[in-house]
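Have a look at target10.txt; it's compact mmCIF, C-alpha atoms:
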```
# COMPACT_ATOMS: atom_id res chain seq x y z
CA MET A 1 57.32 78.20 164.14
CA SER A 2 57.02 74.65 165.40
CA LEU A 3 58.87 71.82 163.69
CA ASP A 4 55.68 70.72 161.92
CA GLU A 5 54.94 74.24 160.74
CA GLN A 6 58.45 74.60 159.34
CA ALA A 7 58.18 71.17 157.71
CA ARG A 8 54.84 72.00 156.07
CA ALA A 9 56.22 75.30 154.77
CA LEU A 10 59.18 73.46 153.26
CA LEU A 11 56.91 70.79 151.80
CA SER A 12 54.79 73.44 150.13
CA GLU A 13 57.85 75.10 148.58
CA VAL A 14 59.46 71.96 147.21
CA THR A 15 56.23 70.70 145.60
CA THR A 16 55.25 74.06 144.06
CA PRO A 17 57.06 74.68 140.76
CA LYS A 18 57.92 78.21 139.68
CA ARG A 19 56.34 79.02 136.35
CA ARG A 20 58.22 80.79 133.61
CA ALA A 21 57.13 84.35 132.91
CA ARG A 22 55.98 83.29 129.45
CA GLN A 23 54.69 79.90 128.36
CA ARG A 24 56.57 78.26 125.50
CA ILE A 25 55.64 75.72 122.87
CA ALA A 26 57.94 73.43 120.92
CA GLU A 27 58.14 74.72 117.36
CA PRO A 28 56.99 71.42 115.74
CA LEU A 29 53.91 71.41 117.99
CA ARG A 30 52.55 74.65 116.55
CA ASN A 31 50.92 72.56 113.83
CA ALA A 32 49.95 69.69 116.12
CA GLN A 33 46.59 68.77 117.60
CA ASP A 34 46.27 70.37 121.03
CA PHE A 35 44.25 69.03 123.93
CA GLU A 36 43.20 69.90 127.46
CA ILE A 37 43.05 66.73 129.53
CA GLU A 38 40.93 66.94 132.67
CA THR A 39 42.62 65.49 135.76
CA ALA A 40 41.89 65.54 139.47
CA HIS A 41 44.48 68.31 139.82
CA GLY A 42 43.37 70.53 136.96
CA LYS A 43 43.64 70.66 133.19
CA VAL A 44 46.81 69.40 131.54
CA ALA A 45 47.90 70.82 128.18
CA ALA A 46 48.93 68.14 125.67
CA TRP A 47 49.79 67.86 121.99
CA ARG A 48 49.90 65.06 119.44
CA LEU A 49 51.91 65.30 116.25
CA GLY A 50 51.47 62.48 113.75
CA GLU A 51 49.37 59.36 113.46
CA GLY A 52 49.86 55.86 114.81
CA PRO A 53 51.94 54.60 117.77
CA ALA A 54 53.68 57.55 119.43
CA ALA A 55 56.61 58.41 121.65
CA LEU A 56 55.36 59.98 124.88
CA LEU A 57 57.69 62.78 126.03
CA VAL A 58 57.89 63.62 129.75
CA HIS A 59 59.87 66.75 130.70
CA GLY A 60 61.48 67.56 134.04
CA TRP A 61 60.89 69.85 137.00
CA GLN A 62 60.18 73.52 136.16
CA ASP A 63 60.59 72.82 132.44
CA ASP A 64 57.99 72.42 129.69
CA ASN A 65 57.20 70.83 126.33
CA SER A 66 59.66 73.11 124.50
CA LEU A 67 62.54 70.92 125.73
CA TRP A 68 61.55 68.39 123.09
CA SER A 69 61.67 70.56 119.94
CA PRO A 70 64.72 68.84 118.36
CA LEU A 71 63.56 65.33 119.29
CA ILE A 72 60.01 65.86 117.99
CA GLN A 73 61.44 67.14 114.71
CA ALA A 74 63.79 64.16 114.42
CA LEU A 75 61.03 61.66 115.16
CA ALA A 76 58.68 63.30 112.66
CA GLY A 77 61.44 63.05 110.06
CA ILE A 78 61.23 59.26 110.12
CA GLY A 79 57.46 59.09 110.56
CA ILE A 80 57.21 58.52 114.31
CA ALA A 81 54.43 60.41 116.10
CA SER A 82 55.02 62.37 119.31
CA VAL A 83 52.77 63.07 122.30
CA ALA A 84 54.03 65.85 124.56
CA PHE A 85 52.48 67.57 127.56
CA ASP A 86 53.21 70.12 130.26
CA LEU A 87 53.31 68.61 133.75
CA PRO A 88 50.65 69.87 136.19
CA GLY A 89 51.65 73.31 137.47
CA HIS A 90 53.99 73.81 134.49
CA GLY A 91 53.73 75.64 131.18
CA PHE A 92 50.19 75.76 129.78
CA SER A 93 48.83 73.28 132.35
CA SER A 94 46.83 74.46 135.35
CA GLY A 95 47.41 73.65 139.01
CA ASP A 96 49.89 74.87 141.58
CA GLN A 97 51.55 71.76 142.95
CA CYS A 98 53.27 68.87 141.24
CA SER A 99 54.52 65.68 142.87
CA PRO A 100 55.56 62.47 141.08
CA MET A 101 52.20 60.94 142.00
CA ILE A 102 50.18 63.88 140.65
CA ALA A 103 52.23 63.95 137.46
CA ALA A 104 52.03 60.16 137.03
CA THR A 105 48.24 60.34 137.15
CA ALA A 106 48.32 62.94 134.39
CA LEU A 107 50.71 60.79 132.35
CA GLU A 108 48.42 57.78 132.64
CA GLN A 109 45.38 59.77 131.48
CA ILE A 110 47.26 61.28 128.55
CA ALA A 111 48.55 57.86 127.48
CA ALA A 112 45.01 56.45 127.66
CA GLN A 113 43.43 59.31 125.69
CA LEU A 114 46.15 60.16 123.16
CA GLY A 115 47.68 56.72 122.60
CA PRO A 116 48.62 54.26 121.40
CA ILE A 117 51.98 54.88 123.11
CA ASP A 118 54.88 52.79 121.82
CA ALA A 119 57.81 54.44 123.64
CA VAL A 120 58.36 56.92 126.47
CA VAL A 121 61.22 59.41 126.67
CA THR A 122 61.84 61.22 129.95
CA HIS A 123 64.18 63.89 131.28
CA SER A 124 65.20 64.32 134.93
CA PHE A 125 62.09 64.48 137.19
CA GLY A 126 60.16 62.87 134.34
CA GLY A 127 61.94 59.63 135.21
CA PRO A 128 60.43 59.18 138.69
CA VAL A 129 57.09 60.40 137.30
CA THR A 130 57.17 57.58 134.75
CA GLY A 131 58.35 55.17 137.44
CA PHE A 132 55.23 55.84 139.50
CA ALA A 133 53.09 55.34 136.39
CA MET A 134 54.85 52.01 135.79
CA ILE A 135 54.00 50.93 139.33
CA ASN A 136 50.36 51.67 138.43
CA GLY A 137 50.55 49.54 135.27
CA PHE A 138 51.76 51.93 132.57
CA ALA A 139 53.97 50.16 130.03
CA ALA A 140 55.76 51.03 126.81
CA ARG A 141 57.72 48.90 124.37
CA ARG A 142 60.84 50.98 124.95
CA THR A 143 61.84 53.53 127.59
CA VAL A 144 64.47 56.27 127.48
CA LEU A 145 65.62 57.89 130.73
CA ILE A 146 67.71 61.04 130.30
CA ALA A 147 69.55 62.27 133.43
CA PRO A 148 67.19 60.37 135.76
CA PRO A 149 67.27 60.86 139.55
CA ARG A 150 66.58 57.80 141.67
CA GLY A 151 63.96 59.78 143.56
CA ARG A 152 65.37 60.12 147.08
CA ASN A 153 64.40 63.78 147.46
CA LYS A 154 68.03 64.98 147.48
CA ARG A 155 66.70 68.22 146.04
CA TRP A 156 64.88 68.84 149.32
CA PHE A 157 68.13 68.75 151.26
CA ASP A 158 69.88 71.00 148.72
CA PHE A 159 66.99 73.46 148.90
CA ALA A 160 67.09 73.47 152.71
CA GLU A 161 70.87 73.88 152.83
CA GLU A 162 70.71 76.92 150.56
CA ARG A 163 68.25 78.56 152.96
CA GLY A 164 69.84 77.48 156.22
CA ILE A 165 66.96 75.15 157.12
CA PRO A 166 67.97 72.39 159.59
CA GLU A 167 68.02 68.79 158.34
CA GLU A 168 65.50 67.80 161.01
CA VAL A 169 62.95 69.96 159.20
CA VAL A 170 63.62 68.11 155.95
CA HIS A 171 63.25 64.73 157.65
CA ARG A 172 59.97 65.82 159.22
CA ALA A 173 58.74 67.17 155.85
CA ARG A 174 59.46 63.79 154.29
CA GLU A 175 57.56 62.04 157.08
CA LEU A 176 54.54 64.27 156.53
CA TYR A 177 54.78 63.75 152.78
CA ALA A 178 54.89 59.98 153.19
CA ALA A 179 51.87 60.08 155.50
CA GLU A 180 49.90 62.12 152.96
CA VAL A 181 50.75 60.21 149.78
CA GLY A 182 51.72 56.76 151.03
CA LEU A 183 54.95 54.82 151.38
CA ARG A 184 55.66 55.12 147.67
CA SER A 185 56.93 58.63 148.36
CA SER A 186 60.23 57.05 149.40
CA PHE A 187 60.55 54.79 146.37
CA ASP A 188 63.80 54.23 144.49
CA LEU A 189 63.50 54.36 140.70
CA ALA A 190 66.33 51.83 140.39
CA ALA A 191 64.41 49.35 142.57
CA ILE A 192 61.46 49.28 140.17
CA ALA A 193 63.64 47.15 137.87
CA TYR A 194 61.28 47.64 134.92
CA PRO A 195 61.77 44.70 132.52
CA GLY A 196 61.22 46.50 129.20
CA GLU A 197 64.00 47.59 126.85
CA THR A 198 65.50 50.76 128.30
CA LEU A 199 68.15 53.28 127.32
CA VAL A 200 69.67 55.40 130.12
CA LEU A 201 71.63 58.48 129.09
CA HIS A 202 73.62 60.64 131.51
CA SER A 203 76.35 63.28 131.24
CA MET A 204 79.17 62.85 133.70
CA ASP A 205 79.32 66.61 134.34
CA ASP A 206 75.64 66.78 135.36
CA ASP A 207 75.62 69.07 138.42
CA ALA A 208 71.92 68.61 139.16
CA VAL A 209 71.62 64.80 139.15
CA GLU A 210 74.85 62.86 139.58
CA TRP A 211 75.52 60.36 136.80
CA GLN A 212 75.76 57.54 139.36
CA ASN A 213 71.94 57.74 139.55
CA GLY A 214 71.70 56.66 135.93
CA GLU A 215 74.34 53.98 136.47
CA ALA A 216 72.44 52.47 139.42
CA ILE A 217 69.18 52.40 137.47
CA ALA A 218 70.81 50.75 134.45
CA GLN A 219 72.42 48.13 136.71
CA GLN A 220 69.11 47.13 138.31
CA TRP A 221 66.80 47.30 135.29
CA PRO A 222 67.33 43.91 133.57
CA ASN A 223 67.14 45.12 129.95
CA ALA A 224 68.75 48.55 130.32
CA GLU A 225 71.74 49.98 128.49
CA LEU A 226 73.73 52.86 130.00
CA VAL A 227 75.27 55.51 127.72
CA LEU A 228 77.53 58.03 129.44
CA CYS A 229 78.75 61.22 127.82
CA ASP A 230 80.48 64.36 129.08
CA GLY A 231 80.22 68.10 128.59
CA LEU A 232 76.44 68.17 128.14
CA GLY A 233 75.38 69.05 131.68
CA HIS A 234 71.87 68.40 132.93
CA ARG A 235 69.56 69.92 130.32
CA MET A 236 71.64 70.27 127.15
CA ILE A 237 71.88 66.49 126.91
CA ALA A 238 68.19 66.29 125.97
CA GLN A 239 68.77 68.52 122.93
CA ASP A 240 72.21 67.35 121.80
CA ARG A 241 72.23 66.17 118.19
CA GLY A 242 74.23 63.00 118.92
CA VAL A 243 72.00 62.07 121.85
CA ILE A 244 68.87 62.65 119.78
CA GLU A 245 70.21 60.42 117.00
CA ARG A 246 70.85 57.68 119.56
CA ILE A 247 67.32 58.02 120.97
CA VAL A 248 65.69 57.93 117.53
CA GLN A 249 67.63 54.78 116.62
CA PHE A 250 66.54 53.16 119.85
CA VAL A 251 62.81 53.92 119.62
CA ALA A 252 62.47 53.35 115.87
```
In structure tokens, how does this file's structure come out?
Amino acid sequence: MSLDEQARALLSEVTTPKRRARQRIAEPLRNAQDFEIETAHGKVAAWRLGEGPAALLVHGWQDDNSLWSPLIQALAGIGIASVAFDLPGHGFSSGDQCSPMIAATALEQIAAQLGPIDAVVTHSFGGPVTGFAMINGFAARRTVLIAPPRGRNKRWFDFAEERGIPEEVVHRARELYAAEVGLRSSFDLAAIAYPGETLVLHSMDDDAVEWQNGEAIAQQWPNAELVLCDGLGHRMIAQDRGVIERIVQFVA
């Protein structure tokens, strides 16, 4: 294959999430209102639990709404509503591909239709997704970023290395991606410097997104606080009781 053919094959793989064999739903959402939001990239499954201003919950790559079960329960316990959704190409949502831009468009439509949104809580890939939405004008009173990557496509290089794909193919894939979606494809979440009150949480043993990503974001966002912990890895941190208590205190 030519360099471009290899690059396009890589691009297709890294933007196509693998679905779980069985869709899951967060236990508290079983009694919530469910919605199908029409977007340009297919229908997005969303849920709203509670009335009034809500916390919008944005999960990460190849995850789903079930990540938020403990947090939704904790928020409901003090009367705060939750809006959760499955990213395009994930869980109960349709579509095959999911980029930060595609997901940000879905986030913006969900916020507009299921709001008012008072706070946003993100995990991992959900951070850059929300960053793109912020560039487009999305705003919340308070933002929580859990294990956020800065968005430099490091995952592409890791993916290529695992499969013995040369770095030149990754660089060409990024060039093609930028040409297709615009220069924002190379954005740095830290550089957005969103001015709203923000809580950044990261575990120092995170082997998927190094904690220095969270540190850099907190340093550049003017009203951000960084909370570091250890022993919670990349995903467990979003369901840890102590972390959830800290998040609830922050968004309340």
Quiz prompt | Shell of 7 Å around A:Gln23, all atoms listed in the file, local chain residues under 3 positions omitted, as a list in words | solution =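 Using all atoms listed in the file, the neighbours found are Arg20, Gly91 and Phe92 of chain A.
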Quiz item: Mind listing as a VMD selection string all residues within 10 Å of (60.0, 70.3, 161.9), counting all atoms listed in the file?
Solution: chain A and resid 1 to 10 165 to 173 175 to 176
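With distances taken over all atoms listed in the file, A:Gly131 is the one residue among A:Gly131, A:His202, A:Ala160, A:Ala140 lying closest to A:Ala190.
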Self-check item: Selection as an NGL selection string: residues within 10 Å of (63.2, 72.9, 128.6), counting all atoms listed in the file
Solution: :A and (24-26 or 59-69 or 123 or 235-236 or 238-239)
Practice problem: Return the single residue from A:Leu11, A:Ile135, A:Ala21, A:Leu57 that is closest to A:Ser99, with distances computed using only C-alpha atoms. | Solution: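 Closest candidate: A:Leu11.
Separating atom CA of A:Leu87 from atom CA of A:Gln73 is a distance of 20.8 Å.
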Practice problem: Could you tell me how far atom CA of A:Ser124 lies from atom CA of A:Ala147, in Å and to one decimal? | Solution: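 Separation of atom CA of A:Ser124 and atom CA of A:Ala147: 5.0 Å.
Closest approach to A:His234 among A:Ala40, A:Ile146, A:Leu199, A:Ala216: A:Ile146, based on all atoms listed in the file.
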Quiz item: To one decimal place, how far is atom CA of A:Gly233 from atom CA of A:Leu201 in Å?
Solution: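 For atom CA of A:Gly233 relative to atom CA of A:Leu201, the distance reads 11.5 Å.
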Around stretch 17-33 of chain A, fit a box with edges along x, y and z, padding it by 8 Å on each side, then list its centre and edge lengths in Å to one decimal as AutoDock Vina command-line options.
```
--center_x 52.4 --center_y 76.6 --center_z 127.3 --size_x 27.6 --size_y 31.6 --size_z 42.9
```
Quiz item: Which polymer residues have any atom within 8 Å of an atom of A:Ala133, counting only C-alpha atoms, with same-chain residues fewer than 4 positions away left out, as a ChimeraX atom specification?
Solution: /A:101,104-105,107-108,129,137-138
Can those selected residues be exported to a file as an mmCIF file, in the frame of the given file so that it contains C-alpha atoms?
```cif
data_model
loop_
_atom_site.group_PDB
_atom_site.id
_atom_site.type_symbol
_atom_site.label_atom_id
_atom_site.label_comp_id
_atom_site.auth_asym_id
_atom_site.auth_seq_id
_atom_site.Cartn_x
_atom_site.Cartn_y
_atom_site.Cartn_z
ATOM 1 C CA MET A 101 52.200 60.940 142.000
ATOM 2 C CA ALA A 104 52.030 60.160 137.030
ATOM 3 C CA THR A 105 48.240 60.340 137.150
ATOM 4 C CA LEU A 107 50.710 60.790 132.350
ATOM 5 C CA GLU A 108 48.420 57.780 132.640
ATOM 6 C CA VAL A 129 57.090 60.400 137.300
ATOM 7 C CA GLY A 137 50.550 49.540 135.270
ATOM 8 C CA PHE A 138 51.760 51.930 132.570
#
```
Quiz item: Nearest to A:Glu38: which of A:Pro148, A:Gln109, A:Ala84, A:Cys98 is it, counting all atoms listed in the file?
Solution: A:Gln109
